[in-house]
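The file protein_21.txt comes next; it holds compact mmCIF, C-alpha atoms.
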```
# COMPACT_ATOMS: atom_id res chain seq x y z
CA MET A 1 -36.47 -10.83 -57.42
CA THR A 2 -38.23 -12.97 -54.88
CA ASP A 3 -41.78 -13.26 -53.60
CA ARG A 4 -40.48 -13.42 -50.05
CA LYS A 5 -40.99 -10.61 -47.55
CA ASN A 6 -37.46 -9.53 -46.73
CA PHE A 7 -36.13 -6.72 -44.55
CA ALA A 8 -32.75 -4.96 -44.63
CA PHE A 9 -30.94 -3.77 -41.51
CA ILE A 10 -28.23 -1.26 -42.43
CA ASP A 11 -25.36 -0.01 -40.28
CA SER A 12 -25.12 3.42 -41.95
CA GLN A 13 -21.80 4.42 -40.38
CA ASN A 14 -20.06 1.21 -41.44
CA LEU A 15 -21.59 1.42 -44.93
CA ASN A 16 -20.77 5.08 -45.48
CA LEU A 17 -17.19 4.99 -44.17
CA ALA A 18 -16.30 1.81 -46.08
CA ILE A 19 -17.69 3.10 -49.37
CA ARG A 20 -15.97 6.49 -49.00
CA ALA A 21 -12.67 4.74 -48.15
CA GLN A 22 -12.92 3.08 -51.58
CA GLY A 23 -13.10 6.53 -53.17
CA TRP A 24 -16.76 6.79 -54.12
CA PHE A 25 -20.12 7.90 -52.80
CA LEU A 26 -23.19 5.71 -52.61
CA SER A 27 -26.44 6.78 -54.25
CA PHE A 28 -28.94 5.82 -51.58
CA ARG A 29 -31.76 5.93 -54.11
CA LYS A 30 -29.98 3.39 -56.33
CA PHE A 31 -29.05 1.31 -53.29
CA ARG A 32 -32.70 1.11 -52.18
CA VAL A 33 -33.76 -0.04 -55.66
CA TYR A 34 -30.92 -2.59 -55.64
CA LEU A 35 -32.07 -4.02 -52.30
CA ARG A 36 -35.63 -4.32 -53.60
CA GLU A 37 -34.68 -5.89 -56.93
CA LYS A 38 -31.83 -8.16 -55.79
CA TYR A 39 -33.11 -9.31 -52.39
CA GLY A 40 -36.84 -8.54 -52.43
CA VAL A 41 -36.45 -6.06 -49.56
CA ASP A 42 -39.80 -4.57 -48.57
CA ARG A 43 -38.60 -2.68 -45.51
CA ALA A 44 -35.10 -1.18 -45.26
CA TYR A 45 -34.02 0.19 -41.89
CA MET A 46 -31.15 2.68 -41.85
CA PHE A 47 -29.57 2.92 -38.38
CA ILE A 48 -27.94 6.32 -38.12
CA GLY A 49 -26.65 8.73 -35.51
CA PHE A 50 -28.71 11.91 -35.31
CA ILE A 51 -26.73 15.09 -35.89
CA GLN A 52 -28.38 18.49 -35.78
CA GLY A 53 -28.12 20.10 -39.19
CA ASN A 54 -28.27 16.88 -41.22
CA GLN A 55 -32.02 17.03 -41.77
CA SER A 56 -31.66 17.23 -45.56
CA LEU A 57 -29.72 13.92 -45.49
CA TYR A 58 -32.39 12.29 -43.34
CA ASN A 59 -35.13 13.59 -45.65
CA ALA A 60 -33.29 12.24 -48.70
CA LEU A 61 -32.89 8.81 -47.07
CA GLN A 62 -36.58 8.69 -46.23
CA GLU A 63 -37.57 9.86 -49.72
CA ALA A 64 -35.40 7.07 -51.16
CA GLY A 65 -37.45 4.56 -49.16
CA PHE A 66 -35.41 3.96 -46.01
CA ILE A 67 -36.86 3.89 -42.51
CA CYS A 68 -34.40 5.90 -40.44
CA VAL A 69 -33.79 4.75 -36.89
CA PHE A 70 -31.95 7.51 -35.10
CA ARG A 71 -29.48 7.21 -32.27
CA PRO A 72 -28.29 10.15 -30.17
CA THR A 73 -24.67 11.05 -30.85
CA LEU A 74 -21.82 12.11 -28.61
CA THR A 75 -19.19 14.63 -29.63
CA TYR A 76 -15.81 14.04 -28.07
CA LYS A 77 -13.15 16.60 -27.09
CA ASP A 78 -11.15 15.77 -30.25
CA GLY A 79 -14.17 16.81 -32.36
CA THR A 80 -15.20 13.32 -33.47
CA THR A 81 -18.84 12.36 -33.28
CA LYS A 82 -20.03 8.87 -32.40
CA GLY A 83 -23.50 7.39 -32.54
CA ASN A 84 -23.30 3.65 -31.95
CA CYS A 85 -26.37 2.03 -33.51
CA ASP A 86 -25.38 -1.63 -33.17
CA ALA A 87 -27.73 -2.45 -30.31
CA GLU A 88 -30.67 -0.79 -32.08
CA LEU A 89 -30.02 -2.77 -35.25
CA VAL A 90 -29.90 -6.09 -33.39
CA LEU A 91 -32.97 -5.22 -31.34
CA GLN A 92 -35.00 -4.22 -34.42
CA ALA A 93 -33.99 -7.40 -36.26
CA MET A 94 -35.27 -9.44 -33.31
CA ILE A 95 -38.46 -7.39 -32.80
CA ASP A 96 -39.37 -7.91 -36.46
CA LEU A 97 -38.21 -11.55 -36.66
CA ALA A 98 -41.71 -12.97 -37.20
CA GLU A 99 -42.56 -10.31 -39.81
CA TYR A 100 -39.88 -11.11 -42.40
CA ASP A 101 -38.88 -14.24 -44.26
CA ARG A 102 -35.24 -13.28 -44.63
CA ALA A 103 -32.96 -10.47 -43.51
CA VAL A 104 -30.20 -8.64 -45.33
CA ILE A 105 -27.63 -7.28 -42.88
CA VAL A 106 -25.46 -4.48 -44.33
CA SER A 107 -22.25 -4.11 -42.33
CA GLY A 108 -18.73 -5.44 -42.00
CA ASP A 109 -18.76 -4.93 -38.22
CA GLY A 110 -18.00 -7.99 -36.11
CA ASP A 111 -20.40 -6.79 -33.43
CA PHE A 112 -23.13 -8.38 -35.56
CA HIS A 113 -21.54 -11.85 -35.39
CA CYS A 114 -24.10 -13.18 -32.90
CA LEU A 115 -27.07 -11.80 -34.87
CA VAL A 116 -25.81 -13.18 -38.18
CA LYS A 117 -25.11 -16.58 -36.61
CA TYR A 118 -28.60 -16.69 -35.10
CA LEU A 119 -30.26 -15.71 -38.39
CA ILE A 120 -28.33 -18.43 -40.24
CA GLU A 121 -29.35 -21.03 -37.64
CA LYS A 122 -33.01 -20.00 -38.03
CA GLU A 123 -32.68 -19.93 -41.86
CA LYS A 124 -33.60 -16.24 -41.80
CA LEU A 125 -30.50 -14.70 -43.44
CA ALA A 126 -30.73 -13.78 -47.12
CA ALA A 127 -27.30 -12.09 -47.22
CA LEU A 128 -24.61 -10.38 -45.22
CA LEU A 129 -23.74 -7.47 -47.48
CA ILE A 130 -20.21 -6.30 -46.67
CA PRO A 131 -19.33 -2.76 -47.88
CA ASP A 132 -15.61 -3.54 -48.41
CA LYS A 133 -14.26 -7.06 -48.97
CA ARG A 134 -10.74 -5.86 -48.14
CA LYS A 135 -11.68 -4.55 -44.72
CA TYR A 136 -14.21 -6.31 -42.53
CA SER A 137 -14.18 -8.13 -39.22
CA ALA A 138 -12.54 -11.54 -38.92
CA LEU A 139 -15.59 -12.51 -36.83
CA LEU A 140 -17.61 -12.51 -40.06
CA LYS A 141 -15.16 -14.75 -41.94
CA PHE A 142 -16.12 -18.04 -40.30
CA ARG A 143 -17.03 -20.92 -42.62
CA MET A 144 -20.73 -20.89 -41.69
CA PHE A 145 -20.99 -17.26 -42.89
CA ARG A 146 -19.25 -17.70 -46.26
CA PRO A 147 -22.29 -18.81 -48.31
CA HIS A 148 -24.12 -15.64 -47.21
CA LEU A 149 -21.33 -13.10 -47.79
CA ARG A 150 -21.84 -10.56 -50.57
CA PHE A 151 -19.55 -7.62 -51.23
CA MET A 152 -20.27 -4.11 -52.48
CA ASN A 153 -16.84 -3.47 -54.05
CA ASP A 154 -18.03 -4.56 -57.49
CA LEU A 155 -21.24 -2.52 -57.28
CA ARG A 156 -19.58 0.85 -57.77
CA GLU A 157 -20.76 1.38 -61.36
CA LYS A 158 -24.29 0.34 -60.45
CA LEU A 159 -24.65 2.22 -57.14
CA GLN A 160 -22.31 5.21 -57.35
CA HIS A 161 -23.73 8.68 -56.81
CA LYS A 162 -23.18 10.70 -59.96
CA LYS A 163 -24.13 14.29 -60.52
CA GLU A 164 -25.70 14.77 -63.90
CA LYS A 165 -26.39 18.13 -65.50
CA THR A 166 -29.81 18.97 -66.84
CA PRO A 167 -30.11 21.06 -70.02
CA GLN A 168 -30.63 24.04 -67.68
CA GLY A 169 -27.32 23.29 -65.93
CA ARG A 170 -28.80 21.97 -62.67
CA ASN A 171 -27.32 18.99 -60.87
CA LEU A 172 -29.44 15.88 -60.43
CA GLU A 173 -28.62 12.90 -58.23
CA GLY A 174 -28.08 9.78 -60.27
```

Would you put the structure from the file into structure tokens?
Amino acid sequence: MTDRKNFAFIDSQNLNLAIRAQGWFLSFRKFRVYLREKYGVDRAYMFIGFIQGNQSLYNALQEAGFICVFRPTLTYKDGTTKGNCDAELVLQAMIDLAEYDRAVIVSGDGDFHCLVKYLIEKEKLAALLIPDKRKYSALLKFRMFRPHLRFMNDLREKLQHKKEKTPQGRNLEG
């Protein structure tokens, strides 16, 4: 743990899809503790598309300690829903720049190349936490980024959502 004041900026769509593609579900509660303990993250922003009916998810994220930044979503004719939060994440990282010592960016999306590069140049990047080391943008593989790359693939045992039964037979999030 560090005595620095660090913030996390999380691309929820990239995180969620990459973790699910690996065959597991992330415990957001455990992930928030991990960010605090590993990177000294005081404030963790979760950038997420707002979908009517997902209020219980949003409540759970907030109860786990995330600050949800919502983006309106669009539903396309094929039924897919899209809520691009990239601009909001970059904007928030820049608005808060003077408030944090270091940032943790959680995404494997190459759209964050310019932000990550800028944070490295200003010595403000603690880590670029990539959800899946087998599938992330080539724009984040440049030499200058390598010392900052961290991968979530090996965190499954530590951060996986597990349902545990109480003696009364109720499920608890673990």

- request: For CA of Phe31 (chain A) and CA of Lys82 (chain A), determine how far apart the two atoms are, in Å to one decimal place.
  value: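 Going from CA of Phe31 (chain A) over to CA of Lys82 (chain A) covers 24.0 Å.
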
message: From the options A:Arg150, A:Arg32, A:Lys77, A:Lys38, which residue's atoms come nearest to Glu63 (chain A), counting only C-alpha atoms?
response: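 Residue with the minimum atom-to-atom distance to Glu63 (chain A): A:Arg32.
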
message: Please compute the CA of Ile48 (chain A)-CA of Gln13 (chain A) distance, one decimal, in Å.
response: 6.8 Å

Using only C-alpha atoms: which of A:Ile120, A:Asp109, A:Leu61, A:Phe66 has the shortest distance to Lys133 (chain A):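 Of all the options, A:Asp109 lies closest to Lys133 (chain A).
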
- request: Tell me, in Å to one decimal, how far CA of Ser27 (chain A) is from CA of Gln92 (chain A).
  value: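 That distance, rounded to one decimal, is 24.2 Å.
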
Of the listed residues A:Val116, A:Ala64, A:Leu17, A:Leu129, that which approaches Val90 (chain A) most closely, counting only C-alpha atoms: A:Val116

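Across A:Ala18, A:Leu139, A:Leu26, A:Ala44, the tightest approach to Asn6 (chain A) is made by A:Ala44 when counting only C-alpha atoms.
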
Can you tell me, as JSON, the centre and edge lengths (Å, one decimal) of the axis-aligned box enclosing all of region 84-89 of chain A's listed atoms after padding each side by 5 Å?
```
{"center_x": -27.0, "center_y": 0.4, "center_z": -32.8, "size_x": 17.4, "size_y": 16.4, "size_z": 14.9}
```

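With all atoms listed in the file as the basis for measurement, A:Ala127 is the residue among A:Ala93, A:Ala127, A:Val69, A:Ala8 that approaches Phe145 (chain A) most closely.
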
Nearest residue to Val41 (chain A) from the set A:Phe112, A:Tyr76, A:Phe142, A:Phe9 (distances using all atoms listed in the file):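 Nearest candidate to Val41 (chain A) out of A:Phe112, A:Tyr76, A:Phe142, A:Phe9: A:Phe9.
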
message: Can you pull out the residues contacting Cys68 (chain A)? Cut-off 7 Å, using all atoms listed in the file, and skip same-chain residues under 3 positions away; I want them as number ranges by chain.
response: A: 45-48, 62

Residues from the last selection, C-alpha atoms, saved as an mmCIF file, keeping the file's coordinate frame:
```
data_model
loop_
_atom_site.group_PDB
_atom_site.id
_atom_site.type_symbol
_atom_site.label_atom_id
_atom_site.label_comp_id
_atom_site.auth_asym_id
_atom_site.auth_seq_id
_atom_site.Cartn_x
_atom_site.Cartn_y
_atom_site.Cartn_z
ATOM 1 C CA TYR A 45 -34.020 0.190 -41.890
ATOM 2 C CA MET A 46 -31.150 2.680 -41.850
ATOM 3 C CA PHE A 47 -29.570 2.920 -38.380
ATOM 4 C CA ILE A 48 -27.940 6.320 -38.120
ATOM 5 C CA GLN A 62 -36.580 8.690 -46.230
#
```

- prompt: At a cut-off of 8 Å from (-20.9, -2.3, -51.8) in the coordinates of the file, what residues are picked up using all atoms listed in the file, written as JSON, numbers by chain?
  reply: {"A": [15, 19, 129, 130, 131, 132, 151, 152, 153, 154, 155, 156, 159]}

Okay, now the selection with C-alpha atoms, as a PDB file, in the frame of the given file?
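So the final result, stored in selection_26.pdb, reads:
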```pdb
ATOM      1  CA  LEU A  15     -21.590   1.420 -44.930  1.00  0.00           C
ATOM      2  CA  ILE A  19     -17.690   3.100 -49.370  1.00  0.00           C
ATOM      3  CA  LEU A 129     -23.740  -7.470 -47.480  1.00  0.00           C
ATOM      4  CA  ILE A 130     -20.210  -6.300 -46.670  1.00  0.00           C
ATOM      5  CA  PRO A 131     -19.330  -2.760 -47.880  1.00  0.00           C
ATOM      6  CA  ASP A 132     -15.610  -3.540 -48.410  1.00  0.00           C
ATOM      7  CA  PHE A 151     -19.550  -7.620 -51.230  1.00  0.00           C
ATOM      8  CA  MET A 152     -20.270  -4.110 -52.480  1.00  0.00           C
ATOM      9  CA  ASN A 153     -16.840  -3.470 -54.050  1.00  0.00           C
ATOM     10  CA  ASP A 154     -18.030  -4.560 -57.490  1.00  0.00           C
ATOM     11  CA  LEU A 155     -21.240  -2.520 -57.280  1.00  0.00           C
ATOM     12  CA  ARG A 156     -19.580   0.850 -57.770  1.00  0.00           C
ATOM     13  CA  LEU A 159     -24.650   2.220 -57.140  1.00  0.00           C
TER      14      LEU A 159
END
```
